[in-house]
Amino acid sequence: MEFGLSEEQILLQDSVNRFLSDQVPLDRVRKFAEEKDAGDDIWQGLVELGIPGLIIPEASGGVGLGKLDAAVVSECLGYHVTPAPFIGTVIMAPVALIESGKREDLLRAIAAGESKVGVAFGESIGARADAGIEFDGSKLTGKALFVLDYLADFVLVATNDKKLLLVSSDADGLDKRELTTVERTRRTGELVFNNTPAELISEDLEVYLKVLDAGRVMLAADTLGAAQNMIDQSVAYAKVREQFNRPIGSFQAVKHMCAEMVANLEPCRALVWYAGYALDEVPEEARLTACHTKAHLSEVGKAVSKTATEVHGGMGFTDLLGLHYWFKRIGFNRQILGAPELIREEAARVQNLVT
Amino acid sequence: MEFGLSEEQILLQDSVNRFLSDQVPLDRVRKFAEEKDAGDDIWQGLVELGIPGLIIPEASGGVGLGKLDAAVVSECLGYHVTPAPFIGTVIMAPVALIESGKREDLLRAIAAGESKVGVAFGESIGARADAGIEFDGSKLTGKALFVLDYLADFVLVATNDKKLLLVSSDADGLDKRELTTVERTRRTGELVFNNTPAELISEDLEVYLKVLDAGRVMLAADTLGAAQNMIDQSVAYAKVREQFNRPIGSFQAVKHMCAEMVANLEPCRALVWYAGYALDEVPEEARLTACHTKAHLSEVGKAVSKTATEVHGGMGFTDLLGLHYWFKRIGFNRQILGAPELIREEAARVQNLVT
Amino acid sequence: MDLSYGSEYETFRTEVQTFLEKHKDTPTQGALRSENVLNWQRTLIENGYAARTIPKEYGGYGAEPNILESRIIAEEFANAQMSQGQGGQGISMLVPTLLEMGTEEQKKQFIGPTIRGEMIWCQGYSEPSAGSDLASLRTSAVLDGDEWVINGQKIWTSTAHMADWIFCLVRTEPEAPKHQGISFLLFRMDSPGIDVRPLVDMTLNANFNEVFFTDVRVPKDQIVGQRGQGWLVANSILGFERGSLASPDAMLMRLNALIDLMQKETINGQSLMTYPSYRDRLMQIQARVMAMQFNDMRILSSRINKNQDTKLASMIVKLQGTELRHELEALALDVMGELGMAIGDNPYLRDKGLWQYHYMYFLGLIIGGGTNQIQKNIIGERGLGLPREPKVEINK
Amino acid sequence: MDLSYGSEYETFRTEVQTFLEKHKDTPTQGALRSENVLNWQRTLIENGYAARTIPKEYGGYGAEPNILESRIIAEEFANAQMSQGQGGQGISMLVPTLLEMGTEEQKKQFIGPTIRGEMIWCQGYSEPSAGSDLASLRTSAVLDGDEWVINGQKIWTSTAHMADWIFCLVRTEPEAPKHQGISFLLFRMDSPGIDVRPLVDMTLNANFNEVFFTDVRVPKDQIVGQRGQGWLVANSILGFERGSLASPDAMLMRLNALIDLMQKETINGQSLMTYPSYRDRLMQIQARVMAMQFNDMRILSSRINKNQDTKLASMIVKLQGTELRHELEALALDVMGELGMAIGDNPYLRDKGLWQYHYMYFLGLIIGGGTNQIQKNIIGERGLGLPREPKVEINK
């Protein structure tokens with residue numbers, strides 16, 4: 001019995017964290033956020049660490065690790081607000097391809113760091129602004145909003161009726177435009193499909209759900225990391241910032257704000273670990289755990305991001321410390337792949353508590 | 001323009017408070033709670049103050065005041081956790097009789113302090129445990145749970161379809177038994193109707209709603225008073241109780257708990273006043289305000305009752321200070337005549353936000 | 001309780017309406033100090049709709065203070081969607097201070113141009129190391145002959161980049177206890193040695209500035225109150241700022257806009273209002289907005305009827321109002337899902353992106369103007385009489 | 001991550017199951033010290049299912065500590081709904097303390113009868129004026145010849161009315177700094193001068209007592225540790241208590257009972273589970289219960305694998321667990337509406353009124369065992385290394 005990270009997982013965590021601390025500090029993130037570059041070197045570094053092939057079987061050129069390992073990496077990326085096409089390329093697309101047994105070639109290309117894949121799932125979860133996507137057996141019609149990494153080589157698209165398709169970036173009848181969001185460490189855009197050729201990956205609802213569950217757990221892990229960083233920054237700030245001749249952390253109000261953040265977040269760590277583990281090892285609990293993990297981390301992340309900003313006082317509100325990069329990443333994670341209220345209804349349905 | 005209590009209302013408040021402080025201190029309440037008496041002297045004192053006829057027109061022997069005046073009195077009763085058949089006898093029954101123009105004689109008897117009226121409304125709002133009441137044109141069948149002042153001379157009954165009826169305490173086919181609840185400052189019971197003769201007071205939904213709105217605002221006012229008392233006790237305790245060589249109120253944690261209670265409750269005072277005023281003077285806003293006032297005071301009351309208990313530490317948990325009488329009264333007010341979630345749905349319906 | 005204004009006020013309301021009708025085509029918008037703006041401000045003052053209670057001798061309209069009249073003016077201007085003229089910290093904070101604490105010369109010199117919108121001010125209070133503990137400010141002013149020589153830094157200085165003058169707290173007696181060593185100076189923003197740098201905040205706007213002073217020279221008499229009395233002078237107006245951070249009227253407007261949004265926006269074609277959990281949160285917020293609205297009316301009313309005690313009701317406005325407003329905007333983001341994340345040139349932007357902007361801005365206001373933690377101290381100590389924390393003097 | 005117990009443990013599990021099967025008709029319930037209870041306790045100890053790690057020489061089973069085995073025993077006894085034997089503060093707190101700090105004589109004298117359920121203990125720590133600030137306790141013990149003479153009062157003493165002995169903190173050196181003047185005494189509850197009065201709490205039960213001491217005489221050697229070391233002795237076991245106040249297993253049981261309740265109970269014939277706002281609250285609580293469950297598994301696991309750091313994960317259990325449990329019970333009350341208010345002989349009582357009882361009892365636990373405000377201090381200071389509040393000594 002061992003509930004915790006293995007030595008290998010701790011090594012993985014350390015090596016990713018070391019790379020990100022050294023090579024992708026906040027100044028580097030800012031450059032990406034201000035659209036001064038596309039973050040290619042960041043991705044290249046992650047490729048060198050073997051991240052793209054993390055959950056791809058060794059037989060397909062990957063590392064063959066599990067979803068808990070991937071959650072550990074996702075947490076690191078959130079901790080460092082790292083701009084990287086992780087959720088689509090490293091998680092959701094590989095899960096789709098592995099589960100469906102399709103496009104071994106693409107799986108290999110992903111593992112080799114040669115291909116990236118974006119994700120257009122919003123419309124299958126709950127289409128906004130009259131967006132929506134239909135597939136007629138060979139072509140896609142409609143539009144997808146807030147597509148993650150919409151400029152990637154491929155996009156994994158889920159239709160309104162939850163079919164999974166792969167669309168090539170240079171497909172005919174595909175229009176793209178950037179959709180600017182408050183979260184500048186990720187690029188999101190709109191895709192308009194006009195009879196766009198697409199390859200059917202799966203019509204199996206179970207496959208769709210596995211892909212979605214995995215994506216949600218990774219977003220929750222990302223929020224876990226981002227929130228942990230905000231707590232770490234808050235505690236460090238509260239120790240050195242002085243007002244009324246005392247470090248502000250010696251005031252009960254500030255101390256208790258820090259304690260409440262920790263008390264809320266700490267159990268989330270075990271929840272995320274279990275959710276990652278369950279994706280591979282406890283299939284009968286995977287869906288419910290994924291739902292609760294995504295929804296709960298969204299709530300805790302929201303509370304932590306507010307409180308941490310408050311602990312920093314006016315400095316927290318400025319761009320000077322860049323605290324808002326974490327704030328916004330947590331806010332964005334909350335909304336994509338299903339906002340908490342919607343996911344909680346799913347959690348009730350999974351348990352047959354509602355029809 | 002005057003948003004506040006008039007001089008007359010302040011005088012009324014002072015006289016009721018003075019009577020309750022002097023004649024109905026906590027020890028007196030305890031006697032009632034421990035079922036050592038029926039509280040007749042308390043009621044007699046309120047009769048002498050003219051409370052029963054508060055909103056009954058002078059022409060019917062009452063004082064002819066408004067619902068805001070009644071809310072002021074209800075707040076006093078909550079402040080002192082006073083055992084008294086107020087909601088039914090002084091508010092809901094008179095509103096029903098005045099609005100329907102029925103039973104002038106009973107109205108006079110109420111005003112004179114000679115008759116008391118209980119309230120069985122739970123089933124018309126949302127019947128629990130398969131209770132429910134039907135009226136066949138002359139007789140009542142079914143059962144009503146958690147009837148307030150179920151031993152009163154009459155009970156104002158609302159059927160499942162929201163007809164209002166008056167049942168005499170000694171009617172044929174009427175069985176009564178006490179339903180003990182955590183709130184010992186009120187007597188509640190079950191009434192079983194077996195073809196029980198009853199007098200139809202109103203079939204008009206508007207009348208039913210006016211009676212309900214008035215009852216809800218008074219419960220909210222009661223919670224306002226009870227919560228205010230808990231805050232007053234907390235602040236007083238925090239000034240004298242010492243730990244670590246300091247009054248606990250000098251610790252930021254305790255100070256902020258007190259401040260948060262005040263910050264939550266203080267706007268409720270204006271809300272209750274307006275809701276009371278609107279019942280008489282702004283009919284188009286009365287329902288929505290009544291709904292929001294009942295629901296919101298329930299939420300704030302719950303938070304205040306928890307925090308105030310915590311401020312008192314272990315003492316708050318004991319029976320020694322009797323703080324729990326307020327805690328339980330607030331808890332009971334929350335549930336009767338509609339729990340917050342249910343009332344908020346009503347508030348949405350009143351505004352046509354949901355069908 | 002009587003929520004009517006009475007017939008004499010209805011006459012006044014008609015006058016305001018007539019004025020607004022007459023001027024409905026008058027241009028009122030424009031840059032600071034532009035002709036439209038200055039003309040409109042002059043018209044407003046002449047008719048008593050701006051600077052209403054400022055004495056005539058200082059350029060105002062000279063009416064007696066009357067809260068209901070002010071309220072009616074605000075209501076009617078809002079209904080007509082007409083500008084109520086110039087605002088800003090000069091008019092809202094400095095002018096009342098000068099009326100209270102200024103010399104006759106200062107009143108004559110500054111009040112007129114300020115209320116006419118010709119003279120724009122900024123406020124120099126906070127410093128990087130003096131936030132909640134404002135009285136620990138370090139910007140120094142040393143007397144050198146007939147001039148103060150100022151060195152130091154201010155932060156959170158809104159409009160500094162557009163201001164003609166600054167009213168500024170500086171330390172003039174470094175040896176005195178911290179509250180007694182501060183003075184309140186007025187000086188021109190084009191004085192040599194002033195460097196204004198925009199301060200970008202989390203909304204990615206430069207809503208504020210940092211202002212650096214290097215040997216800025218200021219004539220000795222440009223001080224309000226006595227040397228070392230600056231803390232008193234500043235506190236005579238700090239109250240003005242706090243209440244205004246959480247206006248219940250603005251909150252009600254936002255609530256109604258949110259109801260609108262929830263009715264219009266959809267998920268899979270179904271209105272957001274049909275989602276019970278969102279609706280429940282909306283109703284909770286609506287009740288709280290109502291409570292704050294009535295609380296505000298109660299406070300307003302107590303300024304007319306001095307018998308009503310609204311001390312606590314007033315003290316909690318900043319704390320409750322900013323938190324509630326933040327939550328209201330947060331609900332809007334939640335119901336919008338991904339759409340709520342849009343900013344800038346995003347074609348799916350809703351309501352110009354104001355929901356996202358306000359969500360962050362009101363987090364700023366939870367912190368600004370005395371953090372909500374400091375507010376709770378004030379409510380506990382000054383409102384409820386709870387004992388202060390024992391003072392600790394740490395020598396370093 | 002590996003949530004299986006491994007095959008060697010499955011053998012152990014089978015052994016436990018066999019034992020339970022064999023004893024499934026053995027009577028285990030009864031009053032303290034009753035024959036059934038004492039017999040069952042003896043059987044449990046003989047088989048290693050109680051006092052498992054207590055050395056044989058003191059009457060225990062003498063096994064090596066093994067967390068997984070303990071867990072399996074707990075799981076299987078819970079599955080079989082069989083009593084795991086005697087608990088109480090003697091077994092959970094005093095025995096570990098004696099093992100750590102007691103003399104050989106004390107171990108021999110007290111541990112055996114205590115674990116066999118023959119000797120019942122109560123704990124004398126808190127006093128009316130020493131709650132959060134426990135170290136300020138005033139109950140005095142003065143040495144008079146070979147005896148301590150004890151005067152003072154304790155509160156929150158559960159089982160005092162049934163206890164044979166008390167372990168008690170008393171002040172023996174009134175001149176020493178407060179943490180250094182305390183001693184840890186053991187004495188009989190039938191000593192002359194002890195008055196036990198039931199303490200009724202908000203649930204209207206006497207879950208606790210007040211205990212008054214008037215010239216109670218205690219042999220000098222009934223002290224654990226040295227004179228003045230009582231604070232250290234007591235703190236070596238305080239940690240045991242806090243975690244147990246918020247058991248995630250109990251929480252999960254309550255959650256499942258709540259789901260049951262919401263499916264069964266109705267409003268107008270419609271299941272409570274069909275109400276979206278209640279369901280949403282239920283799902284929020286379920287996620288939090290899950291998180292606390294996994295957090296507990298993580299802590300358990302870290303006791304086996306010392307490389308895992310679960311310091312913070314452990315520190316937050318009391319704070320989060322008691323608040324969550326209180327909220328869980330509160331949701332049950334809300335969904336039940338008026339039914340949730342029922343107590344006592346009310347025929348509409350649900351689940352014996354436990355929802356209402358626990359709602360209040362867990363508010364008591366939010367306060368008890370170190371209030372949640374004190375918990376936050378501890379998390380901030382010991383967990384996060386935030387500076388302590390400056391000490392203030394006020395002389396009166």
# chains A, B, ... in the order shown; residues from 1 in each chain; ligands from 1

call {"tool": "residues_around", "arguments": {"residues": "B:Gly53", "least_positions_apart": "3", "cutoff": "9 Å", "atoms": "only C-alpha atoms", "output": "number ranges by chain"}}
result
B: 47, 50, 56-58, 60-65, 90, 94, 107-108, 110-113

call {"tool": "write_last_selection", "arguments": {"atoms": "N, CA, C and O atoms", "output": "mmCIF file, in the first residue's frame"}}
result
data_model
loop_
_atom_site.group_PDB
_atom_site.id
_atom_site.type_symbol
_atom_site.label_atom_id
_atom_site.label_comp_id
_atom_site.auth_asym_id
_atom_site.auth_seq_id
_atom_site.Cartn_x
_atom_site.Cartn_y
_atom_site.Cartn_z
ATOM 1 N N VAL B 47 -50.447 41.372 25.789
ATOM 2 C CA VAL B 47 -51.816 41.862 25.605
ATOM 3 C C VAL B 47 -51.938 43.254 26.205
ATOM 4 O O VAL B 47 -52.495 44.173 25.591
ATOM 5 N N GLY B 50 -50.919 45.878 24.113
ATOM 6 C CA GLY B 50 -51.719 46.063 22.903
ATOM 7 C C GLY B 50 -51.207 45.304 21.698
ATOM 8 O O GLY B 50 -51.634 45.550 20.564
ATOM 9 N N ILE B 56 -54.631 45.176 13.620
ATOM 10 C CA ILE B 56 -56.090 45.111 13.443
ATOM 11 C C ILE B 56 -56.638 46.542 13.466
ATOM 12 O O ILE B 56 -56.247 47.339 14.320
ATOM 13 N N PRO B 57 -57.511 46.869 12.514
ATOM 14 C CA PRO B 57 -58.029 48.247 12.437
ATOM 15 C C PRO B 57 -58.682 48.664 13.748
ATOM 16 O O PRO B 57 -59.262 47.835 14.459
ATOM 17 N N GLU B 58 -58.624 49.946 14.018
ATOM 18 C CA GLU B 58 -59.247 50.460 15.229
ATOM 19 C C GLU B 58 -60.729 50.137 15.243
ATOM 20 O O GLU B 58 -61.303 49.831 16.291
ATOM 21 N N SER B 60 -62.095 47.583 14.431
ATOM 22 C CA SER B 60 -62.306 46.216 14.917
ATOM 23 C C SER B 60 -61.666 46.013 16.288
ATOM 24 O O SER B 60 -61.416 44.884 16.700
ATOM 25 N N GLY B 61 -61.387 47.098 16.945
ATOM 26 C CA GLY B 61 -60.868 47.004 18.293
ATOM 27 C C GLY B 61 -59.365 46.914 18.377
ATOM 28 O O GLY B 61 -58.805 46.661 19.453
ATOM 29 N N GLY B 62 -58.682 47.099 17.259
ATOM 30 C CA GLY B 62 -57.223 46.972 17.260
ATOM 31 C C GLY B 62 -56.537 48.317 17.370
ATOM 32 O O GLY B 62 -57.168 49.352 17.629
ATOM 33 N N VAL B 63 -55.230 48.294 17.146
ATOM 34 C CA VAL B 63 -54.423 49.503 17.250
ATOM 35 C C VAL B 63 -54.269 50.164 15.882
ATOM 36 O O VAL B 63 -53.946 51.336 15.766
ATOM 37 N N GLY B 64 -54.473 49.373 14.834
ATOM 38 C CA GLY B 64 -54.459 49.937 13.495
ATOM 39 C C GLY B 64 -53.094 50.333 12.979
ATOM 40 O O GLY B 64 -52.967 51.209 12.131
ATOM 41 N N LEU B 65 -52.050 49.681 13.494
ATOM 42 C CA LEU B 65 -50.708 50.000 12.977
ATOM 43 C C LEU B 65 -50.404 49.144 11.741
ATOM 44 O O LEU B 65 -51.206 48.303 11.331
ATOM 45 N N VAL B 90 -51.080 37.274 15.852
ATOM 46 C CA VAL B 90 -50.971 38.721 15.662
ATOM 47 C C VAL B 90 -50.818 39.101 14.187
ATOM 48 O O VAL B 90 -51.167 40.201 13.786
ATOM 49 N N PRO B 94 -54.907 37.696 11.526
ATOM 50 C CA PRO B 94 -55.512 38.996 11.216
ATOM 51 C C PRO B 94 -55.422 39.367 9.738
ATOM 52 O O PRO B 94 -56.399 39.858 9.163
ATOM 53 N N LEU B 107 -61.666 38.626 14.844
ATOM 54 C CA LEU B 107 -60.712 39.720 14.782
ATOM 55 C C LEU B 107 -60.774 40.529 16.075
ATOM 56 O O LEU B 107 -59.749 40.863 16.686
ATOM 57 N N ARG B 108 -61.974 40.800 16.499
ATOM 58 C CA ARG B 108 -62.162 41.549 17.762
ATOM 59 C C ARG B 108 -61.636 40.746 18.953
ATOM 60 O O ARG B 108 -61.004 41.304 19.854
ATOM 61 N N ILE B 110 -59.328 38.524 18.916
ATOM 62 C CA ILE B 110 -57.857 38.549 18.875
ATOM 63 C C ILE B 110 -57.348 39.878 19.430
ATOM 64 O O ILE B 110 -56.471 39.906 20.295
ATOM 65 N N ALA B 111 -57.931 40.955 18.934
ATOM 66 C CA ALA B 111 -57.490 42.288 19.367
ATOM 67 C C ALA B 111 -57.610 42.424 20.878
ATOM 68 O O ALA B 111 -56.784 43.062 21.532
ATOM 69 N N ALA B 112 -58.627 41.798 21.419
ATOM 70 C CA ALA B 112 -58.851 41.896 22.859
ATOM 71 C C ALA B 112 -57.966 40.927 23.642
ATOM 72 O O ALA B 112 -58.035 40.884 24.873
ATOM 73 N N GLY B 113 -57.197 40.140 22.927
ATOM 74 C CA GLY B 113 -56.327 39.193 23.608
ATOM 75 C C GLY B 113 -57.077 37.979 24.106
ATOM 76 O O GLY B 113 -56.595 37.248 24.972
#

call {"tool": "select_by_dssp", "arguments": {"residues": "stretch 24-267 of chain B", "states": "strand (DSSP E)", "output": "PyMOL selection string"}}
result
chain B and resi 117-120+132-135+139-148+154-158+164-168+174-178+188-197+199-202+242-243+246-247

call {"tool": "interface_residues", "arguments": {"of": "chain C", "to": "chain D", "cutoff": "12 Å", "atoms": "only C-alpha atoms", "output": "number ranges by chain"}}
result
C: 274-281, 283, 389-394

call {"tool": "atom_distance", "arguments": {"atom1": "atom CA of C:Arg71", "atom2": "atom CA of C:Ile91"}}
result
17.8 Å

call {"tool": "interface_residues", "arguments": {"of": "chain D", "to": "chain B", "cutoff": "9 Å", "atoms": "only C-alpha atoms", "output": "MDAnalysis selection string"}}
result
chainID D and resid 128:136 156 199:204 265:269 277:278 333:348 356 360:361 363:364 366:368 371:373 392:395

call {"tool": "residues_around", "arguments": {"residues": "stretch 293-300 of chain D", "least_positions_apart": "4", "cutoff": "6 Å", "atoms": "only C-alpha atoms", "output": "VMD selection string"}}
result
(chain A and resid 3 267 270 to 271) or (chain D and resid 248 310)

call {"tool": "calpha_fit_rmsd", "arguments": {"fixed": "chain C", "moving": "chain D"}}
result
0.0 Å

call {"tool": "residues_around", "arguments": {"residues": "D:Arg382", "least_positions_apart": "3", "cutoff": "12 Å", "atoms": "only C-alpha atoms", "output": "NGL selection string"}}
result
(:A and (255 or 259)) or (:D and (311-312 or 315-316 or 374-379 or 385-388))

call {"tool": "select_by_dssp", "arguments": {"residues": "stretch 122-316 of chain D", "states": "helix (DSSP H, G or I)", "output": "ChimeraX atom specification"}}
result
/D:134-136,178-180,230-244,248-264,272-274,276-304,311-315

call {"tool": "write_last_selection", "arguments": {"atoms": "C-alpha atoms", "output": "short mmCIF file (atom, residue, chain, number, x, y, z; two decimals), in the first residue's frame"}}
result
data_model
loop_
_atom_site.label_atom_id
_atom_site.label_comp_id
_atom_site.auth_asym_id
_atom_site.auth_seq_id
_atom_site.Cartn_x
_atom_site.Cartn_y
_atom_site.Cartn_z
CA LEU D 134 -4.66 25.90 28.32
CA ALA D 135 -1.26 26.58 29.86
CA SER D 136 -2.80 29.29 32.04
CA LYS D 178 3.28 29.27 32.93
CA HIS D 179 4.37 26.33 30.78
CA GLN D 180 6.94 25.24 33.34
CA GLY D 230 3.39 18.25 32.96
CA TRP D 231 3.06 20.39 29.86
CA LEU D 232 5.60 18.28 28.01
CA VAL D 233 3.96 15.06 29.19
CA ALA D 234 0.52 16.23 28.07
CA ASN D 235 1.76 17.47 24.71
CA SER D 236 3.30 14.13 23.90
CA ILE D 237 -0.25 12.90 23.34
CA LEU D 238 -2.41 15.93 22.44
CA GLY D 239 -1.85 15.19 18.78
CA PHE D 240 -3.62 11.87 19.20
CA GLU D 241 -6.86 13.56 20.07
CA ARG D 242 -7.10 16.18 17.34
CA GLY D 243 -7.00 13.94 14.32
CA SER D 244 -9.66 11.66 15.70
CA PRO D 248 -13.03 10.67 7.14
CA ASP D 249 -14.49 7.18 7.43
CA ALA D 250 -17.30 8.43 9.62
CA MET D 251 -17.74 11.33 7.22
CA LEU D 252 -18.18 9.00 4.27
CA MET D 253 -20.75 6.98 6.18
CA ARG D 254 -22.67 10.15 6.92
CA LEU D 255 -22.47 11.25 3.29
CA ASN D 256 -23.91 7.97 2.11
CA ALA D 257 -26.66 8.24 4.70
CA LEU D 258 -27.41 11.72 3.39
CA ILE D 259 -27.65 10.47 -0.18
CA ASP D 260 -30.06 7.85 1.06
CA LEU D 261 -32.09 10.41 2.90
CA MET D 262 -32.31 12.68 -0.13
CA GLN D 263 -33.51 9.82 -2.27
CA LYS D 264 -36.14 8.69 0.21
CA LEU D 272 -35.40 15.70 -2.53
CA MET D 273 -32.71 14.53 -4.92
CA THR D 274 -34.67 16.07 -7.78
CA PRO D 276 -31.11 20.90 -8.30
CA SER D 277 -29.90 23.33 -5.66
CA TYR D 278 -29.80 20.64 -3.00
CA ARG D 279 -28.12 18.27 -5.42
CA ASP D 280 -25.49 20.85 -6.27
CA ARG D 281 -24.68 21.35 -2.60
CA LEU D 282 -24.54 17.58 -2.14
CA MET D 283 -22.08 17.20 -5.00
CA GLN D 284 -19.87 19.97 -3.59
CA ILE D 285 -19.77 18.19 -0.26
CA GLN D 286 -19.16 14.81 -1.84
CA ALA D 287 -16.08 16.15 -3.61
CA ARG D 288 -14.75 17.56 -0.35
CA VAL D 289 -15.42 14.33 1.52
CA MET D 290 -13.54 12.45 -1.19
CA ALA D 291 -10.63 14.83 -0.92
CA MET D 292 -10.49 14.35 2.86
CA GLN D 293 -10.64 10.58 2.42
CA PHE D 294 -7.73 10.53 0.04
CA ASN D 295 -5.89 12.99 2.23
CA ASP D 296 -6.30 10.51 5.07
CA MET D 297 -4.98 7.64 2.95
CA ARG D 298 -2.02 9.81 2.07
CA ILE D 299 -1.29 10.47 5.74
CA LEU D 300 -1.69 6.80 6.60
CA SER D 301 0.64 5.84 3.80
CA SER D 302 3.25 8.37 4.91
CA ARG D 303 3.50 6.59 8.25
CA ILE D 304 4.73 3.58 6.34
CA LYS D 311 3.01 17.58 7.74
CA LEU D 312 0.56 20.11 6.30
CA ALA D 313 -1.83 17.40 5.16
CA SER D 314 -2.06 16.24 8.79
CA MET D 315 -2.27 19.67 10.36
#

call {"tool": "atom_distance", "arguments": {"atom1": "atom CA of A:Met230", "atom2": "atom CA of A:Ser305"}}
result
6.8 Å
